[in-house]
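Below is final-v8.cif, which holds mmCIF, C-alpha atoms and all ligand atoms.
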```cif
data_start
loop_
_atom_site.label_atom_id
_atom_site.label_comp_id
_atom_site.auth_asym_id
_atom_site.auth_seq_id
_atom_site.Cartn_x
_atom_site.Cartn_y
_atom_site.Cartn_z
CA MET A 1 165.56 -61.48 -38.85
CA THR A 2 168.63 -62.23 -40.93
CA GLU A 3 170.89 -65.29 -41.10
CA GLN A 4 173.32 -63.53 -38.73
CA ASP A 5 170.70 -63.45 -35.96
CA PHE A 6 170.98 -67.23 -35.72
CA ILE A 7 174.62 -67.06 -34.68
CA LEU A 8 174.84 -66.67 -30.92
CA LEU A 9 177.67 -65.03 -29.03
CA PRO A 10 180.48 -67.53 -28.40
CA TYR A 11 179.76 -70.08 -25.65
CA PRO A 12 181.75 -73.08 -24.46
CA ASN A 13 180.42 -76.61 -24.93
CA ILE A 14 179.87 -77.51 -21.34
CA LEU A 15 177.90 -80.70 -21.74
CA GLU A 16 180.28 -83.66 -22.04
CA GLU A 17 177.68 -86.20 -23.05
CA GLY A 18 173.98 -86.85 -22.98
CA ASN A 19 170.99 -87.29 -25.22
CA PHE A 20 167.79 -85.57 -26.30
CA SER A 21 164.73 -86.91 -28.08
CA TRP A 22 162.26 -84.99 -30.17
CA GLU A 23 159.32 -86.07 -32.26
CA SER A 24 158.40 -84.00 -35.26
CA PRO A 25 155.54 -84.39 -37.74
CA SER A 26 155.29 -84.39 -41.48
CA ASN A 27 153.26 -81.68 -43.21
CA ILE A 28 151.20 -81.39 -46.37
CA ALA A 29 151.41 -78.26 -48.50
CA LEU A 30 148.26 -76.56 -49.77
CA VAL A 31 150.21 -74.02 -51.84
CA LYS A 32 153.31 -75.85 -52.98
CA TYR A 33 157.00 -75.08 -52.72
CA TRP A 34 158.53 -76.08 -56.04
CA GLY A 35 161.72 -74.36 -57.13
CA LYS A 36 164.53 -73.01 -54.98
CA LYS A 37 167.53 -70.71 -55.06
CA LYS A 38 170.92 -71.01 -53.38
CA ASP A 39 170.95 -71.93 -49.68
CA GLN A 40 167.49 -73.48 -49.74
CA ILE A 41 165.72 -70.17 -50.37
CA PRO A 42 162.33 -70.93 -51.94
CA GLU A 43 161.39 -69.41 -55.28
CA ASN A 44 157.85 -68.95 -54.03
CA PRO A 45 155.90 -68.92 -50.77
CA SER A 46 154.05 -72.03 -49.56
CA ILE A 47 151.58 -72.92 -46.83
CA SER A 48 150.95 -76.29 -45.21
CA PHE A 49 148.85 -78.14 -42.69
CA THR A 50 151.04 -79.75 -40.06
CA LEU A 51 150.11 -83.43 -39.65
CA ASN A 52 149.46 -85.22 -36.41
CA GLU A 53 150.12 -88.94 -36.79
CA CYS A 54 152.87 -89.14 -39.41
CA LYS A 55 156.01 -88.26 -37.52
CA THR A 56 159.67 -89.05 -36.90
CA ILE A 57 161.07 -89.69 -33.45
CA THR A 58 164.78 -88.96 -33.17
CA THR A 59 167.18 -89.46 -30.28
CA LEU A 60 170.47 -87.63 -30.53
CA THR A 61 173.21 -89.00 -28.27
CA PHE A 62 176.28 -86.78 -28.07
CA THR A 63 179.75 -87.39 -26.64
CA LYS A 64 182.55 -84.82 -26.63
CA LYS A 65 185.52 -85.95 -28.68
CA GLU A 66 189.23 -85.09 -28.69
CA SER A 67 189.69 -83.70 -32.15
CA ASN A 68 187.35 -81.24 -33.81
CA LYS A 69 188.70 -81.89 -37.27
CA ASP A 70 185.78 -83.73 -38.88
CA PHE A 71 182.11 -84.31 -38.34
CA SER A 72 181.58 -87.63 -36.62
CA PHE A 73 178.19 -89.32 -36.57
CA GLU A 74 176.39 -92.61 -37.09
CA VAL A 75 172.76 -93.01 -38.14
CA TYR A 76 170.21 -95.71 -37.27
CA LEU A 77 166.69 -96.27 -38.57
CA ASP A 78 164.58 -98.63 -36.44
CA GLY A 79 167.77 -99.84 -34.77
CA ASN A 80 169.55 -100.65 -38.05
CA LYS A 81 172.64 -98.75 -39.13
CA LYS A 82 171.86 -96.65 -42.20
CA ASP A 83 175.07 -95.55 -43.87
CA ASP A 84 173.11 -94.53 -46.95
CA PHE A 85 171.54 -91.69 -44.88
CA LYS A 86 174.99 -90.28 -44.10
CA PRO A 87 175.66 -88.16 -47.22
CA LYS A 88 172.44 -86.18 -46.70
CA ILE A 89 173.31 -85.57 -43.04
CA GLN A 90 176.91 -84.69 -43.93
CA THR A 91 175.58 -82.03 -46.34
CA PHE A 92 173.15 -80.85 -43.66
CA PHE A 93 175.99 -80.48 -41.12
CA GLU A 94 178.09 -78.56 -43.63
CA ARG A 95 175.21 -76.17 -44.31
CA ILE A 96 174.41 -75.52 -40.63
CA GLU A 97 177.91 -75.51 -39.20
CA SER A 98 178.25 -71.74 -39.03
CA TYR A 99 175.05 -71.56 -36.95
CA LEU A 100 176.02 -74.37 -34.53
CA PRO A 101 179.72 -73.98 -33.73
CA PHE A 102 179.87 -77.17 -31.63
CA LEU A 103 179.12 -79.61 -34.44
CA ARG A 104 182.70 -80.84 -34.86
CA ASP A 105 183.28 -81.11 -31.10
CA TYR A 106 180.94 -84.05 -30.56
CA HIS A 107 180.41 -87.54 -31.84
CA PHE A 108 176.70 -88.01 -32.54
CA LYS A 109 174.60 -91.12 -32.58
CA ILE A 110 171.36 -90.34 -34.43
CA GLU A 111 168.62 -92.91 -33.80
CA THR A 112 165.45 -92.38 -35.70
CA LYS A 113 162.12 -94.07 -36.34
CA ASN A 114 158.97 -93.11 -38.19
CA THR A 115 155.37 -93.76 -37.18
CA PHE A 116 154.54 -94.38 -40.84
CA PRO A 117 155.87 -97.41 -42.67
CA HIS A 118 159.32 -96.98 -44.12
CA SER A 119 159.28 -96.67 -47.92
CA SER A 120 155.59 -95.83 -47.89
CA GLY A 121 156.36 -93.06 -50.34
CA ILE A 122 155.58 -90.53 -47.58
CA ALA A 123 158.32 -87.93 -47.43
CA SER A 124 160.25 -88.54 -44.25
CA SER A 125 162.67 -85.71 -44.97
CA ALA A 126 160.33 -83.07 -43.51
CA SER A 127 159.77 -84.91 -40.23
CA GLY A 128 163.28 -86.39 -40.14
CA MET A 129 165.21 -83.18 -40.75
CA SER A 130 163.03 -81.16 -38.40
CA ALA A 131 163.42 -83.73 -35.60
CA LEU A 132 167.21 -83.69 -35.99
CA ALA A 133 167.30 -79.88 -36.15
CA LEU A 134 165.28 -79.73 -32.92
CA CYS A 135 167.69 -82.08 -31.11
CA LEU A 136 170.64 -79.93 -32.24
CA VAL A 137 169.04 -76.65 -31.16
CA GLU A 138 168.22 -78.33 -27.85
CA LEU A 139 171.92 -79.12 -27.38
CA GLU A 140 172.84 -75.52 -28.13
CA LYS A 141 170.20 -74.30 -25.70
CA GLN A 142 171.47 -76.55 -22.92
CA ASN A 143 175.08 -75.49 -23.49
CA VAL A 144 174.12 -71.83 -23.48
CA TYR A 145 171.91 -72.16 -20.40
CA ARG A 146 174.68 -73.85 -18.49
CA PHE A 147 177.23 -71.29 -19.56
CA PHE A 148 175.06 -68.47 -18.36
CA ASN A 149 174.35 -70.27 -15.12
CA PHE A 150 170.76 -71.25 -15.93
CA GLN A 151 169.57 -67.68 -16.04
CA ALA A 152 167.00 -66.94 -18.67
CA ILE A 153 168.70 -65.59 -21.70
CA GLU A 154 166.86 -63.02 -23.59
CA ASN A 155 167.19 -64.47 -27.04
CA ILE A 156 166.80 -68.14 -26.19
CA ASP A 157 163.08 -67.86 -25.68
CA LEU A 158 160.63 -70.29 -27.20
CA ASN A 159 160.13 -68.12 -30.23
CA PHE A 160 163.81 -67.98 -31.02
CA PHE A 161 164.16 -71.70 -30.35
CA ASN A 162 161.39 -72.55 -32.82
CA GLN A 163 162.65 -70.10 -35.40
CA LYS A 164 166.17 -71.44 -35.21
CA ALA A 165 164.96 -75.05 -35.41
CA SER A 166 162.88 -74.16 -38.47
CA PHE A 167 165.75 -72.17 -40.00
CA LEU A 168 168.13 -75.14 -39.60
CA ALA A 169 165.54 -77.71 -40.72
CA ARG A 170 165.11 -75.68 -43.91
CA LEU A 171 168.79 -76.15 -44.65
CA GLY A 172 168.23 -79.92 -44.40
CA SER A 173 165.08 -80.04 -46.50
CA GLY A 174 162.99 -77.03 -47.48
CA SER A 175 159.59 -78.35 -46.46
CA ALA A 176 161.02 -79.47 -43.08
CA CYS A 177 160.94 -75.85 -41.89
CA ARG A 178 157.13 -76.09 -41.87
CA SER A 179 157.08 -79.01 -39.40
CA ILE A 180 158.19 -77.37 -36.13
CA GLU A 181 154.83 -75.82 -35.25
CA GLY A 182 151.22 -76.10 -36.35
CA ASP A 183 148.58 -75.93 -37.43
CA LEU A 184 148.99 -73.83 -40.58
CA ILE A 185 152.52 -72.74 -41.47
CA VAL A 186 153.72 -70.28 -44.09
CA TRP A 187 157.21 -70.34 -45.51
CA GLY A 188 158.50 -67.80 -48.02
CA LYS A 189 158.25 -64.04 -48.12
CA THR A 190 155.02 -62.78 -49.60
CA ASP A 191 153.37 -59.38 -49.22
CA SER A 192 149.95 -60.69 -48.23
CA ILE A 193 151.22 -62.53 -45.12
CA GLU A 194 152.72 -60.31 -42.48
CA GLY A 195 155.89 -61.71 -40.93
CA SER A 196 156.46 -64.25 -43.71
CA THR A 197 160.10 -64.90 -44.50
CA ASP A 198 162.24 -67.07 -46.75
CA LEU A 199 164.37 -68.09 -43.77
CA PHE A 200 161.93 -70.13 -41.68
CA GLY A 201 158.31 -71.16 -41.30
CA VAL A 202 155.90 -68.92 -39.38
CA LYS A 203 152.48 -69.63 -37.98
CA TYR A 204 149.71 -68.40 -40.26
CA PRO A 205 148.82 -65.14 -38.50
CA TYR A 206 145.18 -64.55 -39.52
CA LYS A 207 141.76 -65.82 -38.55
CA VAL A 208 140.91 -69.39 -39.56
CA HIS A 209 137.28 -70.53 -39.71
CA GLN A 210 136.04 -73.47 -37.65
CA ASN A 211 135.57 -75.47 -40.89
CA PHE A 212 139.33 -75.82 -41.14
CA LYS A 213 139.95 -76.91 -37.55
CA ASN A 214 140.86 -80.60 -37.26
CA TYR A 215 140.80 -80.93 -41.03
CA GLN A 216 141.27 -84.57 -41.98
CA ASP A 217 143.95 -86.02 -44.26
CA THR A 218 143.66 -89.66 -45.27
CA ILE A 219 146.80 -90.62 -47.15
CA LEU A 220 146.25 -93.25 -49.82
CA LEU A 221 149.48 -95.14 -50.45
CA VAL A 222 149.29 -95.72 -54.18
CA ASP A 223 152.93 -96.46 -54.72
CA LYS A 224 155.40 -97.22 -51.98
CA GLY A 225 158.44 -97.55 -54.22
CA GLU A 226 161.40 -95.23 -54.49
CA LYS A 227 160.54 -92.15 -56.58
CA GLN A 228 162.20 -92.02 -60.01
CA VAL A 229 162.99 -88.31 -59.56
CA SER A 230 163.78 -86.82 -56.15
CA SER A 231 162.28 -83.51 -55.02
CA THR A 232 165.72 -81.93 -55.05
CA VAL A 233 166.17 -82.79 -58.73
CA GLY A 234 162.61 -81.63 -59.47
CA HIS A 235 163.21 -78.25 -57.76
CA ASN A 236 166.33 -77.72 -59.85
CA LEU A 237 164.40 -78.36 -63.06
CA MET A 238 162.47 -75.16 -62.32
CA HIS A 239 165.61 -73.25 -63.34
CA ASN A 240 165.06 -72.28 -67.00
CA HIS A 241 161.60 -73.84 -66.88
CA PRO A 242 159.40 -72.12 -69.49
CA TYR A 243 156.53 -71.56 -67.03
CA ALA A 244 158.57 -70.90 -63.89
CA GLN A 245 157.97 -67.17 -63.51
CA ASN A 246 154.21 -67.50 -63.97
CA ARG A 247 154.13 -70.38 -61.53
CA PHE A 248 156.03 -68.45 -58.85
CA GLN A 249 153.70 -65.48 -59.26
CA GLN A 250 150.69 -67.82 -59.11
CA ALA A 251 151.83 -69.14 -55.71
CA HIS A 252 151.93 -65.56 -54.34
CA ASN A 253 148.46 -64.94 -55.78
CA ASN A 254 147.09 -68.19 -54.36
CA LEU A 255 148.33 -67.36 -50.88
CA GLU A 256 146.59 -64.02 -51.11
CA LYS A 257 143.39 -65.70 -52.34
CA LEU A 258 143.53 -68.24 -49.53
CA LYS A 259 143.24 -65.56 -46.82
CA PRO A 260 139.53 -64.74 -47.28
CA ILE A 261 138.82 -68.44 -47.93
CA LEU A 262 140.34 -69.48 -44.62
CA GLU A 263 138.62 -66.67 -42.80
CA SER A 264 135.13 -67.27 -44.20
CA GLY A 265 135.32 -71.08 -44.21
CA ASP A 266 134.52 -71.24 -47.93
CA LEU A 267 135.11 -74.95 -48.50
CA ASN A 268 134.29 -74.91 -52.21
CA ALA A 269 136.81 -72.16 -52.93
CA PHE A 270 139.35 -73.99 -50.76
CA ILE A 271 138.88 -77.18 -52.78
CA LYS A 272 139.37 -75.38 -56.10
CA LEU A 273 142.53 -73.67 -54.98
CA VAL A 274 144.12 -76.71 -53.33
CA GLU A 275 143.37 -79.14 -56.15
CA SER A 276 144.61 -76.65 -58.72
CA GLU A 277 147.86 -76.28 -56.75
CA ALA A 278 148.35 -80.06 -56.70
CA LEU A 279 147.78 -80.43 -60.43
CA THR A 280 149.94 -77.40 -61.21
CA LEU A 281 152.81 -78.96 -59.25
CA HIS A 282 152.58 -82.08 -61.39
CA ALA A 283 152.12 -79.99 -64.55
CA MET A 284 155.46 -78.33 -63.72
CA MET A 285 157.03 -81.78 -63.57
CA MET A 286 155.52 -82.82 -66.89
CA THR A 287 156.71 -79.63 -68.57
CA SER A 288 160.27 -79.74 -67.19
CA MET A 289 163.17 -80.71 -69.43
CA PRO A 290 163.76 -83.57 -68.92
CA TYR A 291 160.05 -84.13 -68.22
CA PHE A 292 158.76 -86.70 -65.78
CA ILE A 293 155.52 -88.05 -64.32
CA LEU A 294 155.20 -89.11 -60.70
CA MET A 295 151.48 -89.87 -60.76
CA LYS A 296 150.47 -93.47 -61.43
CA PRO A 297 147.32 -94.75 -63.16
CA ASN A 298 145.73 -95.34 -59.75
CA THR A 299 146.43 -91.73 -58.74
CA LEU A 300 144.18 -90.65 -61.61
CA GLU A 301 141.56 -93.31 -60.85
CA ILE A 302 141.33 -91.96 -57.30
CA ILE A 303 141.11 -88.33 -58.43
CA ASN A 304 138.28 -89.16 -60.81
CA LYS A 305 136.42 -91.13 -58.16
CA ILE A 306 136.79 -88.22 -55.71
CA TRP A 307 135.36 -85.78 -58.28
CA ARG A 308 132.43 -88.05 -59.04
CA PHE A 309 131.65 -88.68 -55.37
CA ARG A 310 131.86 -84.96 -54.59
CA GLN A 311 129.42 -84.20 -57.38
CA ASP A 312 126.97 -86.91 -56.30
CA SER A 313 127.17 -86.45 -52.53
CA GLY A 314 127.69 -82.69 -52.19
CA LEU A 315 130.33 -83.45 -49.55
CA HIS A 316 133.54 -81.41 -49.34
CA ILE A 317 136.07 -84.07 -50.20
CA SER A 318 139.18 -82.95 -52.09
CA PHE A 319 142.70 -84.12 -52.80
CA THR A 320 146.22 -82.87 -52.86
CA LEU A 321 149.44 -84.51 -53.99
CA ASP A 322 153.03 -84.12 -52.98
CA ALA A 323 155.97 -85.09 -55.15
CA GLY A 324 154.81 -88.67 -55.64
CA ALA A 325 151.92 -90.91 -56.59
CA ASN A 326 150.17 -90.99 -53.20
CA VAL A 327 146.95 -89.05 -52.75
CA HIS A 328 146.16 -86.97 -49.67
CA VAL A 329 142.37 -86.93 -49.30
CA LEU A 330 141.35 -83.78 -47.44
CA TYR A 331 137.97 -83.17 -45.78
CA PRO A 332 136.36 -81.35 -42.87
CA GLU A 333 135.94 -83.22 -39.60
CA ASN A 334 132.14 -83.01 -39.57
CA GLU A 335 131.91 -84.98 -42.84
CA ALA A 336 134.42 -87.60 -41.73
CA THR A 337 132.06 -90.53 -41.19
CA GLN A 338 130.55 -90.55 -44.68
CA ILE A 339 133.79 -89.71 -46.44
CA LEU A 340 135.78 -92.36 -44.62
CA GLU A 341 133.14 -94.91 -45.56
CA PHE A 342 133.52 -93.87 -49.21
CA ILE A 343 137.32 -94.08 -48.96
CA LYS A 344 137.15 -97.59 -47.53
CA SER A 345 134.61 -98.89 -49.99
CA GLU A 346 135.78 -97.14 -53.17
CA LEU A 347 139.35 -95.87 -52.91
CA VAL A 348 141.36 -98.28 -50.81
CA ALA A 349 141.24 -100.81 -53.67
CA TYR A 350 143.61 -98.50 -55.58
CA CYS A 351 146.20 -98.46 -52.78
CA GLN A 352 149.22 -100.73 -52.82
CA ASN A 353 148.32 -103.67 -50.55
CA GLY A 354 145.24 -101.68 -49.46
CA HIS A 355 147.41 -99.40 -47.32
CA TYR A 356 146.26 -95.97 -46.16
CA ILE A 357 146.90 -93.72 -43.17
CA CYS A 358 144.30 -91.65 -41.34
CA ASP A 359 145.78 -88.36 -40.23
CA GLN A 360 144.58 -84.87 -39.39
CA ILE A 361 145.92 -81.42 -38.65
CA GLY A 362 148.46 -81.35 -35.83
CA PHE A 363 150.21 -78.76 -33.73
CA GLY A 364 153.90 -79.41 -34.22
CA ALA A 365 156.93 -81.05 -32.70
CA LYS A 366 157.34 -82.15 -29.07
CA LYS A 367 160.29 -82.86 -26.85
CA ILE A 368 160.23 -86.37 -25.38
CA ASP A 369 161.49 -86.56 -21.81
C1 LIG B 1 156.23 -81.19 -53.56
O1 LIG B 1 161.27 -80.09 -49.12
O2 LIG B 1 161.35 -82.40 -50.13
O3 LIG B 1 156.38 -81.63 -51.25
O4 LIG B 1 164.19 -78.79 -50.13
O5 LIG B 1 165.03 -80.36 -51.86
O6 LIG B 1 164.53 -81.20 -49.55
P1 LIG B 1 164.18 -80.21 -50.64
O7 LIG B 1 162.71 -80.55 -51.14
P2 LIG B 1 161.41 -80.94 -50.33
O8 LIG B 1 160.30 -80.51 -51.41
C2 LIG B 1 158.95 -80.70 -51.13
C3 LIG B 1 158.14 -80.35 -52.30
C4 LIG B 1 156.66 -80.66 -52.20
C5 LIG B 1 155.85 -79.40 -51.96
C6 LIG B 1 155.86 -78.84 -50.57
O9 LIG B 1 156.00 -79.60 -49.59
O10 LIG B 1 155.66 -77.62 -50.46
#
```
Could you write out this structure as structure tokens?
Amino acid sequence: MTEQDFILLPYPNILEEGNFSWESPSNIALVKYWGKKKDQIPENPSISFTLNECKTITTLTFTKKESNKDFSFEVYLDGNKKDDFKPKIQTFFERIESYLPFLRDYHFKIETKNTFPHSSGIASSASGMSALALCLVELEKQNVYRFFNFQAIENIDLNFFNQKASFLARLGSGSACRSIEGDLIVWGKTDSIEGSTDLFGVKYPYKVHQNFKNYQDTILLVDKGEKQVSSTVGHNLMHNHPYAQNRFQQAHNNLEKLKPILESGDLNAFIKLVESEALTLHAMMMTSMPYFILMKPNTLEIINKIWRFRQDSGLHISFTLDAGANVHVLYPENEATQILEFIKSELVAYCQNGHYICDQIGFGAKKID
């Protein structure tokens, strides 16, 4: 597939008005995306677990307008107008315009809400951008279906729909392209994963051991404040970063190493690889110029407690981090009772206001009728 394949033959915008709702989950990377080129092309491949509970629900209401000069849209979060979200959506519209020719023909009302608390430090860009991309592809699909008199159109099958949604979501926020489907999604071209591409997320195509089914992710909310450095700024600091090339190569190598681990269910090897990825991500931040630290003292307290508990109990508890202070505690479903007990008694004390979220692997976005 190339970018051009996402531009359909011309079709008229038949729908005058209406609305669509989609819910789309967040995801947590095991091998991290950190560093990007022009047009949201990742510097290295990544793989993530799609989450189940942490999601964004977006309703897109569209009305045809007279002039197609400018983009016209309003944004609401939990019923409140959010003008500060507009610049990001304006940039998104500019990036995706050539793939959705109708964008200037409609006025859009974008109403969105998250299942996780706002400003919990959980990235809502992955779920938010993917939910919006899905609503927009849905509008294209409906226009095209109507134009062709409801007959099935060869290239608007489910596969194409998901690929296009992921492709567009990527242009909103890189990691958002991994939120359309589940349960393990690869984004970024790498030789060891057949079908992988820089353009959109694809389902991990190989065998996955039972140990990794329903894997649990308890998210410890260490710091709910605004991050001092956004992911976008962090990605850009990988340009001219002294360790960048080694890091990008390491991500390819780690994806290759993960294959036999996922197939055999080797939890200890999985833990080593995933924790090393998390710490490498933060090491890249600390060795950027300017350098920065997103972990907080309690992030480190939690990591140390996890290591000690793992040593003492022999259970397969591990952690990963995204670009923030929160800790994602990962563990297999069959160890959930003991590990959750440990989390509640030992780790929750390090969370801001004792807040944490119990999540697990999910299977992707859903249309809401
Ligand atoms: C650390 O997808 O938020 O979570 O493409 O600039 O929107 P933009 O960045 P974003 O970066 C996420 C980085 C990460 C790792 C990952 O999810 O792979």
> Quick one: residues within 10 Å of Lys37 of chain A, all atoms listed in the file counted, chain neighbours fewer than 3 positions away excluded, as number ranges by chain?
Replying inline: A: 40-44, 235-236, 238-239
Write out as JSON lines the residues of chain A that have any atom within 9 Å of an atom of ligand LIG 1 (chain B), one row each with the nearest atom pair and its distance in Å to one decimal, counting all atoms listed in the file, sorted by chain and then rising number.
```
{"residue": "A:Asn27", "atom": "CA", "partner": "B:LIG1", "partner_atom": "O9", "distance": 7.2}
{"residue": "A:Ile28", "atom": "CA", "partner": "B:LIG1", "partner_atom": "O9", "distance": 6.1}
{"residue": "A:Ala29", "atom": "CA", "partner": "B:LIG1", "partner_atom": "O10", "distance": 4.7}
{"residue": "A:Leu30", "atom": "CA", "partner": "B:LIG1", "partner_atom": "O10", "distance": 7.5}
{"residue": "A:Val31", "atom": "CA", "partner": "B:LIG1", "partner_atom": "O10", "distance": 6.7}
{"residue": "A:Lys32", "atom": "CA", "partner": "B:LIG1", "partner_atom": "O10", "distance": 3.9}
{"residue": "A:Tyr33", "atom": "CA", "partner": "B:LIG1", "partner_atom": "O10", "distance": 3.7}
{"residue": "A:Trp34", "atom": "CA", "partner": "B:LIG1", "partner_atom": "C3", "distance": 5.7}
{"residue": "A:Gly35", "atom": "CA", "partner": "B:LIG1", "partner_atom": "C3", "distance": 8.5}
{"residue": "A:Lys36", "atom": "CA", "partner": "B:LIG1", "partner_atom": "O4", "distance": 7.6}
{"residue": "A:Gln40", "atom": "CA", "partner": "B:LIG1", "partner_atom": "O4", "distance": 6.3}
{"residue": "A:Ile41", "atom": "CA", "partner": "B:LIG1", "partner_atom": "O4", "distance": 8.8}
{"residue": "A:Pro42", "atom": "CA", "partner": "B:LIG1", "partner_atom": "O4", "distance": 8.3}
{"residue": "A:Pro45", "atom": "CA", "partner": "B:LIG1", "partner_atom": "O10", "distance": 8.7}
{"residue": "A:Ser46", "atom": "CA", "partner": "B:LIG1", "partner_atom": "O10", "distance": 5.9}
{"residue": "A:Ile47", "atom": "CA", "partner": "B:LIG1", "partner_atom": "O10", "distance": 7.2}
{"residue": "A:Ser48", "atom": "CA", "partner": "B:LIG1", "partner_atom": "O10", "distance": 7.2}
{"residue": "A:Ala123", "atom": "CA", "partner": "B:LIG1", "partner_atom": "O2", "distance": 6.9}
{"residue": "A:Ser124", "atom": "CA", "partner": "B:LIG1", "partner_atom": "O2", "distance": 8.6}
{"residue": "A:Ser125", "atom": "CA", "partner": "B:LIG1", "partner_atom": "O2", "distance": 6.3}
{"residue": "A:Ala126", "atom": "CA", "partner": "B:LIG1", "partner_atom": "O1", "distance": 6.4}
{"residue": "A:Arg170", "atom": "CA", "partner": "B:LIG1", "partner_atom": "O4", "distance": 7.0}
{"residue": "A:Leu171", "atom": "CA", "partner": "B:LIG1", "partner_atom": "O4", "distance": 7.6}
{"residue": "A:Gly172", "atom": "CA", "partner": "B:LIG1", "partner_atom": "O6", "distance": 6.5}
{"residue": "A:Ser173", "atom": "CA", "partner": "B:LIG1", "partner_atom": "O6", "distance": 3.3}
{"residue": "A:Gly174", "atom": "CA", "partner": "B:LIG1", "partner_atom": "O4", "distance": 3.4}
{"residue": "A:Ser175", "atom": "CA", "partner": "B:LIG1", "partner_atom": "O1", "distance": 3.6}
{"residue": "A:Ala176", "atom": "CA", "partner": "B:LIG1", "partner_atom": "O1", "distance": 6.1}
{"residue": "A:Cys177", "atom": "CA", "partner": "B:LIG1", "partner_atom": "O1", "distance": 8.4}
{"residue": "A:Arg178", "atom": "CA", "partner": "B:LIG1", "partner_atom": "O9", "distance": 8.6}
{"residue": "A:Trp187", "atom": "CA", "partner": "B:LIG1", "partner_atom": "O10", "distance": 8.9}
{"residue": "A:Ser230", "atom": "CA", "partner": "B:LIG1", "partner_atom": "O2", "distance": 7.9}
{"residue": "A:Ser231", "atom": "CA", "partner": "B:LIG1", "partner_atom": "O7", "distance": 4.9}
{"residue": "A:Thr232", "atom": "CA", "partner": "B:LIG1", "partner_atom": "O5", "distance": 3.6}
{"residue": "A:Val233", "atom": "CA", "partner": "B:LIG1", "partner_atom": "O5", "distance": 7.4}
{"residue": "A:Gly234", "atom": "CA", "partner": "B:LIG1", "partner_atom": "O5", "distance": 8.1}
{"residue": "A:His235", "atom": "CA", "partner": "B:LIG1", "partner_atom": "O5", "distance": 6.5}
{"residue": "A:Asn236", "atom": "CA", "partner": "B:LIG1", "partner_atom": "O5", "distance": 8.5}
{"residue": "A:Ala278", "atom": "CA", "partner": "B:LIG1", "partner_atom": "C1", "distance": 8.6}
{"residue": "A:Leu281", "atom": "CA", "partner": "B:LIG1", "partner_atom": "C1", "distance": 7.0}
{"residue": "A:His282", "atom": "CA", "partner": "B:LIG1", "partner_atom": "C1", "distance": 8.7}
{"residue": "A:Leu321", "atom": "CA", "partner": "B:LIG1", "partner_atom": "C1", "distance": 7.6}
{"residue": "A:Asp322", "atom": "CA", "partner": "B:LIG1", "partner_atom": "C1", "distance": 4.4}
{"residue": "A:Ala323", "atom": "CA", "partner": "B:LIG1", "partner_atom": "C1", "distance": 4.2}
{"residue": "A:Gly324", "atom": "CA", "partner": "B:LIG1", "partner_atom": "C1", "distance": 7.9}
```
> Which value, in Å to one decimal, gives the distance between atom CA of His316 of chain A and atom CA of Thr190 of chain A?
Replying inline: 28.4 Å
>> If we count all atoms listed in the file and set the cut-off at 10 Å, which residues sit around Gly128 of chain A, ignoring sequence neighbours fewer than 5 positions away in its own chain? Please answer as a VMD selection string.
In response: chain A and resid 23 to 26 55 to 58 112 to 114 123 133 169 172 to 173 176 179
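For the set A:Lys88, A:Lys305, A:His241, A:Arg146, the residue with the smallest atom-to-atom gap to Tyr11 of chain A is A:Arg146, counting all atoms listed in the file.
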> Between atom CA of Ser276 of chain A and atom CA of Ile306 of chain A, what is the spacing in Å?
Replying inline: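 Atom CA of Ser276 of chain A lies 14.3 Å from atom CA of Ile306 of chain A.
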> Which value, in Å to one decimal, gives the distance between atom CA of Ser72 of chain A and atom CA of Phe161 of chain A?
Replying inline: 24.4 Å
Output as JSON the centre and edge lengths (Å, one decimal) of the box along x, y and z of the file that holds every listed atom of segment 43-61 of chain A after adding 6 Å on each side.
```
{"center_x": 161.0, "center_y": -79.3, "center_z": -41.8, "size_x": 36.4, "size_y": 32.8, "size_z": 39.0}
```
>> Env of Glu3 of chain A: 12 Å cut, atoms = all atoms listed in the file, seq-sep filter 5 positions within chain, self excluded. Answer as a ChimeraX atom specification.
In response: /A:8,39,41,96,98-99,163-164,167-168,171,197-200
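For the choices A:Ile303, A:Leu60, A:Met295, A:Leu279, the atom-to-atom distance to Ile368 of chain A is smallest for A:Leu60 when using only C-alpha atoms.
Using all atoms listed in the file, the nearest neighbour of Lys65 of chain A within the list A:Asn13, A:Asn326, A:Ser21, A:Thr115 is A:Asn13.
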>> Just checking: using all atoms listed in the file, which residue out of A:Gly195, A:Gly188, A:Gly314, A:Gly354 ends up closest to Lys224 of chain A?
In response: A:Gly354
> Within 12 Å of (152.0, -91.5, -59.5), in the coordinates the file gives, what residues turn up when you count all atoms listed in the file, written out as a PyMOL selection string?
Replying inline: chain A and resi 121+220-229+279+282+285-286+292-303+321-327+350-352
>> Taking all atoms listed in the file into account, name the residue in A:Thr61, A:Gln4, A:Asn162, A:Asn19 that is nearest to Ala365 of chain A.
In response: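 For Ala365 of chain A, the nearest of the given residues is A:Asn162.
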> For Glu74 of chain A, which residue among A:Arg247, A:His107, A:Arg308, A:Lys272 is the nearest when counting all atoms listed in the file?
Replying inline: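 Under the stated criterion, the closest residue is A:His107.
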>> Taking 5 positions as the minimum chain separation for residues in the same chain, which residues sit within 10 Å of segment 214-218 of chain A when counting all atoms listed in the file? Answer as a ChimeraX atom specification.
In response: /A:28,49,51-52,183,317-320,327-336,339-340,343,356-362
> Which neighbours of Gly265 of chain A fall inside 9 Å, counting all atoms listed in the file, when residues of the same chain fewer than 5 positions from it are skipped, and could you give them as a list in words?
Replying inline: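 Listed by chain and then number, they are Val208, His209, Gln210, Asn211, Phe212, Pro260 and Phe270 of chain A.
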